[in-house]
Amino acid sequence: MKFFPLIWCNLKRKKLRTFLTLLSILVAFVLFGLLSAIKEAMTGGISMAGADRLVVQHKVSLILLLPESYKARMEQLPGVDLAVFQTWFGGIYQDPKNFFMQNPVVPDQFLNMHPEFLLPAEQVKAWKETRTGAIVGRKTANKFHWKIGDKVPIKSPIWGRKDGAAAWEFDIVGIFDGKDKVTDTTSLYFRYDYFDEAHRGDRGQVGWYTVRVKDPKTSADVAKLIDKEFENSLAEVKAEPEAAMAQSWANQLGDIALITTSILGAVFFTILLVTGNTMSQEVRERTVELGVLKAIVFTNTQVVVLVLAESCVLAVLGGGLGLGLSWLITSGGDPTGGMLPMFYIPTRDLLIGLGLSVALGLATGFFPALQAMRLQVAVALRRM
Amino acid sequence: MNEPTKTNGPLVNVDGVEKVFRRGSEDIHVLRDLHLKVPAGEFLALMGPSGSGKSTLLNLIGGLDRPTRGSVSIGGERLDGLSDRLLAGWRARHIGFVFQLYNLMPTLNAERNVELPLLLTHLTKAERRKHVAAALEMVGLSHRAKHFPRTMSGGEQQRVGIARGIVTDPTLLLCDEPTGDLDRKAGDGILDLLQALNREHGKTIIMVTHDPHASARALRTVHLDKGQLSAEAVA
Ligand SMILES: Nc1ncnc2c1ncn2[C@@H]1O[C@H](COP(=O)(O)OP(=O)(O)O)[C@@H](O)[C@H]1O
Ligand SMILES: [Mg+2]
């Protein structure tokens with residue numbers, strides 16, 4: 001690359017100006033990286049959720065309960081492989097800020113439904129043998145330094161105990177890992193039989209069902225069948241693909257994609273102006289030089305390439321450093337302590353970011369390059 | 001290399017050239033029906049008052065600008081037939097430019113400045129280095145190859161400028177007031193150098209100047225006034 005010194009030296013000429021421009025590009029791309037991690041954290045579950053799973057909840061609201069007896073009725077419907085329930089416990093461990101999900105489940109069925117949770121066989125056995133046993137995901141276990149054998153007290157503002165005790169006490173009998181990066185390992189699961197017997201409310205009530213269909217291609221039909229099965233009963237239901245439920249959950253948080261896109265749009269517009277200004281200033285100051293270069297060596301096209309190369313080096317350098325920095329920041333994982341269990345920048349977004357930095361370079365170099373191309377040598381040389 | 005294609009005719013043939021600039025609604029006739037022939041091996045001084053069109057004529061000969069009427073041929077090739085892109089390539093191969101204010105790239109050292117016109121040739125890095133070293137040697141600046149323009153005197157910068165002008169071994173070296181910004185001693189050094197390039201290396205040189213002391217070094221002097229070359233000079 002014999003032209004590189006020419007480009008590089010130009011950028012080094014006004015060191016402070018280049019540095020400030022570089023810094024503003026860098027900040028923009030750090031923001032880009034962080035926002036895409038946030039977006040991923042809030043919507044990432046969607047694309048990954050098992051396509052063969054449906055979620056069945058109360059037609060009116062997720063917080064209304066369904067009878068436990070629906071399990072058997074759903075499993076009799078054609079196309080349904082397995083129906084598993086859980087309930088929102090909404091417990092608090094020590095401090096409400098320590099947010100993580102704890103739900104009562106039936107161990108066998110639950111683990112069968114969720115092969116993405118990896119739990120060693122002897123821990124499965126221990127769970128089945130311990131009525132007050134609970135399993136917890138690796139992230140949360142690490143966070144609170146829980147070990148197998150620990151007793152953890154959790155209070156639930158929703159579910160009081162029949163015996164009047166303030167807290168539910170669980171024995172940690174297992175710690176599960178996720179099959180892959182996107183599997184959430186922040187939740188705690190405990191036994192439904194213990195829950196159902198000890199809480200103050202009505203027996204045989206559950207929060208929602210996860211239903212596995214035999215053939216993913218039929219999930220839409222199976223969903224309709226389930227809705228129909230409970231029509232006109234006390235608790236009507238709404239069945240939808242797990243992904244759709246995650247989506248509607250995310251939508252309640254606001255249209256994350258729109259918000260991040262608008263923020264980034266504003267940031268990049270500003271950067272475009274800042275960098276574009278730097279570049280056209282550079283070109284204006286170098287009119288005579290560019291004229292000389294055209295006189296002694298370059299064609300118009302080559303001068304255009306030279307100017308574009310310069311703006312692209314600046315943008316890609318700033319962009320690359322910014323993305324790298326945001327990657328470093330996010331590699332520490334969830335900064336909120338549990339709200340965003342899948343906090344990382346997807347490779348796809350890193351690539352988009354790099355593409356964006358090239359686009360930024362081309363866009364900011366465009367007008368200065370045009371300026372340089374139109375420069376007439378004889379006129380430029382008269383300016384000396 | 002780069003020998004003129006037709007050895008029998010003049011190297012430079014300016015034929016009935018007219019140059020008109022528009023300034024607002026006004027037409028400025030800078031050159032009118034101008035004829036000039038320069039044989040290979042010439043060292044020509046082009047004199048004339050300020051604003052008489054010397055630089056304009058030099059630009060036309062160097063293919064930096066196009067005449068309003070008439071034609072310019074170098075080595076038998078008519079420049080008006082070339083597109084802007086071909087003209088740029090042609091310039092890089094055939095013309096060496098030396099400017100009054102040297103016009104070196106401030107961000108590049110002497111060596112890199114001299115290398116510039118070679119960047120688009122097919123020479124390898126080693127070959128380019130060899131040519132650059134030879135050119136710097138010729139202007140007596142081998143010892144300052146790594147130095148930047150701002151650390152050099154005017155005379156030294158102009159030597160680097162000349163090295164850059166001759167590094168491609170051009171057909172024609174065009175100098176626009178090469179001593180115009182130098183004191184007498186440094187100017188003499190540059191004139192010695194140009195004279196040597198002409199005498200010992202056979203370079204064809206056209207030098208614009210308004211200094212009689214400088215034009216005295218040339219083999220021939222022509223005067224430009226009111227858009228035309230004076231009669232005695234054309235002969
Ligand atoms: N690009 C241009 N546009 C308008 N006028 C020009 C341009 N270039 C030169 N001129 C005019 O042409 C005349 C000759 O200029 P120039 O060739 O630079 O003179 P010299 O080099 O002899 O001093 C001057 O009056 C100058 O103002
Ligand atoms: Mg002039």
# chains A, B, ... in the order shown; residues from 1 in each chain; ligands from 1
>>> select_by_dssp(residues="region 86-165 of chain A", states="strand (DSSP E)", output="number ranges by chain")
A: 86, 102-105, 117-118, 133-137, 151-154
>>> select_by_dssp(residues="region 74-148 of chain B", states="helix (DSSP H, G or I)", output="PyMOL selection string")
chain B and resi 79-81+84-94+110-118+125-138+142-144
>>> residues_around(residues="Leu31 (chain B)", least_positions_apart="5", cutoff="6 Å", atoms="only C-alpha atoms", output="ChimeraX atom specification")
/B:18-19,227
>>> write_last_selection(atoms="N, CA, C and O atoms", output="short mmCIF file (atom, residue, chain, number, x, y, z; two decimals), in the first residue's frame")
data_model
loop_
_atom_site.label_atom_id
_atom_site.label_comp_id
_atom_site.auth_asym_id
_atom_site.auth_seq_id
_atom_site.Cartn_x
_atom_site.Cartn_y
_atom_site.Cartn_z
N GLU B 18 -4.60 30.60 -28.60
CA GLU B 18 -5.27 31.73 -28.01
C GLU B 18 -5.83 31.27 -26.68
O GLU B 18 -6.30 30.14 -26.56
N LYS B 19 -5.73 32.13 -25.65
CA LYS B 19 -6.31 31.75 -24.36
C LYS B 19 -7.13 32.91 -23.83
O LYS B 19 -6.63 34.02 -23.69
N GLY B 227 0.16 39.38 -24.99
CA GLY B 227 -0.39 38.14 -25.52
C GLY B 227 0.40 37.50 -26.62
O GLY B 227 0.02 36.45 -27.13
#
>>> residues_around(residues="region 122-129 of chain B", least_positions_apart="6", cutoff="10 Å", atoms="only C-alpha atoms", output="VMD selection string")
(chain A and resid 2) or (chain B and resid 111 to 112 114 to 116 135 167 to 168)
>>> interface_residues(of="chain B", to="chain A", cutoff="8 Å", atoms="only C-alpha atoms", output="compact mmCIF listing (two decimals) with C-alpha atoms, in the first residue's frame")
# COMPACT_ATOMS: atom_id res chain seq x y z
CA ASN B 59 0.41 25.54 -18.10
CA LEU B 64 -2.47 21.63 -17.00
CA ASP B 65 -4.92 23.75 -18.96
CA ASP B 84 -8.42 14.60 -18.81
CA ARG B 85 -7.52 11.15 -17.56
CA ALA B 88 -2.91 13.25 -16.31
CA GLY B 89 -1.06 10.07 -17.22
CA ARG B 91 1.88 14.60 -17.69
CA ALA B 92 3.18 12.12 -15.16
CA ILE B 95 6.51 16.60 -17.83
CA GLY B 96 8.45 17.59 -14.76
CA PHE B 97 7.16 20.65 -12.93
CA LEU B 101 7.07 28.15 -4.01
CA ASN B 103 5.09 23.13 -3.27
CA LEU B 104 6.45 20.15 -1.41
CA MET B 105 4.10 18.08 0.74
CA THR B 107 3.93 15.94 5.77
CA LEU B 108 6.42 13.96 3.72
CA LEU B 116 5.47 11.00 -5.41
CA PRO B 117 5.52 11.09 -9.24
CA LEU B 118 6.69 7.46 -9.26
CA LEU B 119 3.77 6.16 -7.21
CA LEU B 120 1.64 5.33 -10.21
>>> closest_atom_pairs(of="chain B", to="ligand 2", cutoff="7 Å", atoms="only C-alpha atoms and all ligand atoms", output="CSV")
residue,atom,partner,partner_atom_place_in_ligand_line,distance
B:Ser50,CA,ligand 2,1 (Mg),6.8
B:Gly51,CA,ligand 2,1 (Mg),6.8
B:Gly53,CA,ligand 2,1 (Mg),7.0
B:Lys54,CA,ligand 2,1 (Mg),5.6
B:Ser55,CA,ligand 2,1 (Mg),4.2
B:Asp176,CA,ligand 2,1 (Mg),6.7
>>> closest_residue(among="A:Phe190, A:Val60, A:Asp177, A:Phe195", to="Asp108 (chain A)", atoms="only C-alpha atoms")
A:Phe190
>>> closest_residue(among="B:His210, B:Arg199, B:Arg159, B:Arg217", to="ligand 1", atoms="only C-alpha atoms and all ligand atoms")
B:His210
>>> closest_residue(among="B:Thr171, B:Thr151, B:Ser52, B:Thr121", to="ligand 1", atoms="only C-alpha atoms and all ligand atoms")
B:Ser52
>>> residues_around(residues="Gly33 (chain A)", least_positions_apart="2", cutoff="12 Å", atoms="only C-alpha atoms", output="ChimeraX atom specification")
/A:26-31,35-40,260,264,319-331,343-354,356
>>> write_last_selection(atoms="N, CA, C and O atoms", output="compact mmCIF listing (two decimals), in the first residue's frame")
# COMPACT_ATOMS: atom_id res chain seq x y z
N LEU A 26 -15.54 7.52 17.83
CA LEU A 26 -15.41 6.43 18.80
C LEU A 26 -16.60 6.40 19.77
O LEU A 26 -17.21 5.35 19.99
N VAL A 27 -16.95 7.57 20.29
CA VAL A 27 -18.07 7.63 21.23
C VAL A 27 -19.35 7.14 20.57
O VAL A 27 -20.12 6.37 21.13
N ALA A 28 -19.55 7.58 19.32
CA ALA A 28 -20.76 7.16 18.60
C ALA A 28 -20.82 5.64 18.49
O ALA A 28 -21.87 5.03 18.66
N PHE A 29 -19.68 5.03 18.23
CA PHE A 29 -19.70 3.58 18.02
C PHE A 29 -19.75 2.80 19.34
O PHE A 29 -20.27 1.70 19.37
N VAL A 30 -19.23 3.40 20.41
CA VAL A 30 -19.43 2.77 21.72
C VAL A 30 -20.92 2.73 22.01
O VAL A 30 -21.49 1.71 22.42
N LEU A 31 -21.58 3.84 21.74
CA LEU A 31 -23.03 3.93 21.94
C LEU A 31 -23.75 2.89 21.08
O LEU A 31 -24.67 2.21 21.53
N LEU A 35 -26.04 0.04 22.72
CA LEU A 35 -27.46 -0.02 22.40
C LEU A 35 -27.82 -1.33 21.73
O LEU A 35 -28.89 -1.89 21.96
N SER A 36 -26.91 -1.87 20.92
CA SER A 36 -27.28 -3.13 20.28
C SER A 36 -27.24 -4.26 21.30
O SER A 36 -28.01 -5.21 21.20
N ALA A 37 -26.40 -4.12 22.34
CA ALA A 37 -26.42 -5.13 23.41
C ALA A 37 -27.73 -5.04 24.19
O ALA A 37 -28.34 -6.06 24.53
N ILE A 38 -28.18 -3.82 24.43
CA ILE A 38 -29.44 -3.63 25.17
C ILE A 38 -30.60 -4.19 24.35
O ILE A 38 -31.46 -4.91 24.85
N LYS A 39 -30.58 -3.86 23.07
CA LYS A 39 -31.65 -4.34 22.19
C LYS A 39 -31.66 -5.87 22.17
O LYS A 39 -32.72 -6.49 22.27
N GLU A 40 -30.47 -6.44 22.08
CA GLU A 40 -30.37 -7.89 22.05
C GLU A 40 -30.90 -8.48 23.35
O GLU A 40 -31.62 -9.47 23.35
N THR A 260 -33.84 2.51 19.83
CA THR A 260 -32.39 2.48 19.59
C THR A 260 -32.07 3.05 18.22
O THR A 260 -31.10 3.79 18.06
N LEU A 264 -29.59 6.19 17.60
CA LEU A 264 -28.42 6.03 16.74
C LEU A 264 -28.49 6.95 15.54
O LEU A 264 -27.49 7.50 15.10
N GLY A 319 -14.43 3.91 14.37
CA GLY A 319 -15.50 2.91 14.51
C GLY A 319 -14.98 1.62 15.12
O GLY A 319 -15.58 1.07 16.04
N GLY A 320 -13.84 1.17 14.63
CA GLY A 320 -13.27 -0.09 15.13
C GLY A 320 -12.92 0.03 16.61
O GLY A 320 -13.25 -0.85 17.40
N LEU A 321 -12.29 1.15 16.97
CA LEU A 321 -11.93 1.33 18.38
C LEU A 321 -13.19 1.41 19.25
O LEU A 321 -13.25 0.84 20.33
N GLY A 322 -14.20 2.12 18.74
CA GLY A 322 -15.44 2.27 19.49
C GLY A 322 -16.13 0.93 19.70
O GLY A 322 -16.56 0.61 20.80
N LEU A 323 -16.21 0.14 18.62
CA LEU A 323 -16.85 -1.17 18.73
C LEU A 323 -16.05 -2.06 19.68
O LEU A 323 -16.62 -2.78 20.50
N GLY A 324 -14.73 -1.99 19.56
CA GLY A 324 -13.87 -2.79 20.43
C GLY A 324 -14.10 -2.44 21.89
O GLY A 324 -14.23 -3.32 22.75
N LEU A 325 -14.19 -1.14 22.14
CA LEU A 325 -14.40 -0.68 23.51
C LEU A 325 -15.76 -1.15 24.03
O LEU A 325 -15.87 -1.64 25.16
N SER A 326 -16.80 -1.01 23.20
CA SER A 326 -18.13 -1.42 23.67
C SER A 326 -18.16 -2.93 23.88
O SER A 326 -18.84 -3.43 24.77
N TRP A 327 -17.41 -3.64 23.06
CA TRP A 327 -17.34 -5.10 23.24
C TRP A 327 -16.67 -5.44 24.58
O TRP A 327 -17.14 -6.30 25.31
N LEU A 328 -15.61 -4.69 24.90
CA LEU A 328 -14.95 -4.89 26.20
C LEU A 328 -15.91 -4.61 27.35
O LEU A 328 -15.98 -5.36 28.32
N ILE A 329 -16.65 -3.51 27.21
CA ILE A 329 -17.58 -3.13 28.27
C ILE A 329 -18.64 -4.21 28.47
O ILE A 329 -18.95 -4.61 29.59
N THR A 330 -19.19 -4.71 27.36
CA THR A 330 -20.28 -5.68 27.48
C THR A 330 -19.79 -7.09 27.80
O THR A 330 -20.57 -7.92 28.23
N SER A 331 -18.50 -7.33 27.59
CA SER A 331 -18.02 -8.68 27.84
C SER A 331 -18.09 -9.01 29.34
O SER A 331 -18.03 -10.16 29.73
N PHE A 343 -26.91 -10.12 27.94
CA PHE A 343 -26.32 -8.83 27.59
C PHE A 343 -25.00 -9.04 26.87
O PHE A 343 -23.98 -9.31 27.48
N TYR A 344 -25.02 -8.95 25.55
CA TYR A 344 -23.79 -9.05 24.76
C TYR A 344 -24.09 -8.46 23.39
O TYR A 344 -25.25 -8.29 23.01
N ILE A 345 -23.02 -8.11 22.64
CA ILE A 345 -23.23 -7.57 21.30
C ILE A 345 -23.17 -8.73 20.31
O ILE A 345 -22.15 -9.41 20.22
N PRO A 346 -24.24 -8.98 19.59
CA PRO A 346 -24.21 -10.08 18.62
C PRO A 346 -23.19 -9.79 17.51
O PRO A 346 -22.99 -8.63 17.14
N THR A 347 -22.54 -10.84 17.03
CA THR A 347 -21.56 -10.69 15.94
C THR A 347 -22.17 -9.93 14.76
O THR A 347 -21.52 -9.11 14.13
N ARG A 348 -23.44 -10.24 14.51
CA ARG A 348 -24.13 -9.58 13.41
C ARG A 348 -24.04 -8.06 13.56
O ARG A 348 -23.72 -7.33 12.63
N ASP A 349 -24.27 -7.56 14.80
CA ASP A 349 -24.25 -6.13 15.02
C ASP A 349 -22.84 -5.55 14.94
O ASP A 349 -22.65 -4.41 14.52
N LEU A 350 -21.85 -6.36 15.34
CA LEU A 350 -20.45 -5.89 15.20
C LEU A 350 -20.15 -5.68 13.72
O LEU A 350 -19.52 -4.70 13.33
N LEU A 351 -20.61 -6.63 12.89
CA LEU A 351 -20.36 -6.51 11.45
C LEU A 351 -21.12 -5.32 10.87
O LEU A 351 -20.58 -4.56 10.07
N ILE A 352 -22.37 -5.16 11.32
CA ILE A 352 -23.14 -4.00 10.87
C ILE A 352 -22.41 -2.72 11.25
O ILE A 352 -22.30 -1.78 10.46
N GLY A 353 -21.87 -2.71 12.47
CA GLY A 353 -21.14 -1.53 12.94
C GLY A 353 -19.94 -1.22 12.05
O GLY A 353 -19.72 -0.07 11.68
N LEU A 354 -19.22 -2.26 11.69
CA LEU A 354 -18.06 -2.04 10.81
C LEU A 354 -18.52 -1.50 9.46
O LEU A 354 -17.93 -0.57 8.91
N LEU A 356 -21.15 0.14 8.92
CA LEU A 356 -21.60 1.51 9.16
C LEU A 356 -20.42 2.48 9.17
O LEU A 356 -20.51 3.60 8.68
>>> atom_distance(atom1="atom 11 (C, counted along the ligand's line) of ligand 1", atom2="CA of Arg22 (chain B)")
9.0 Å
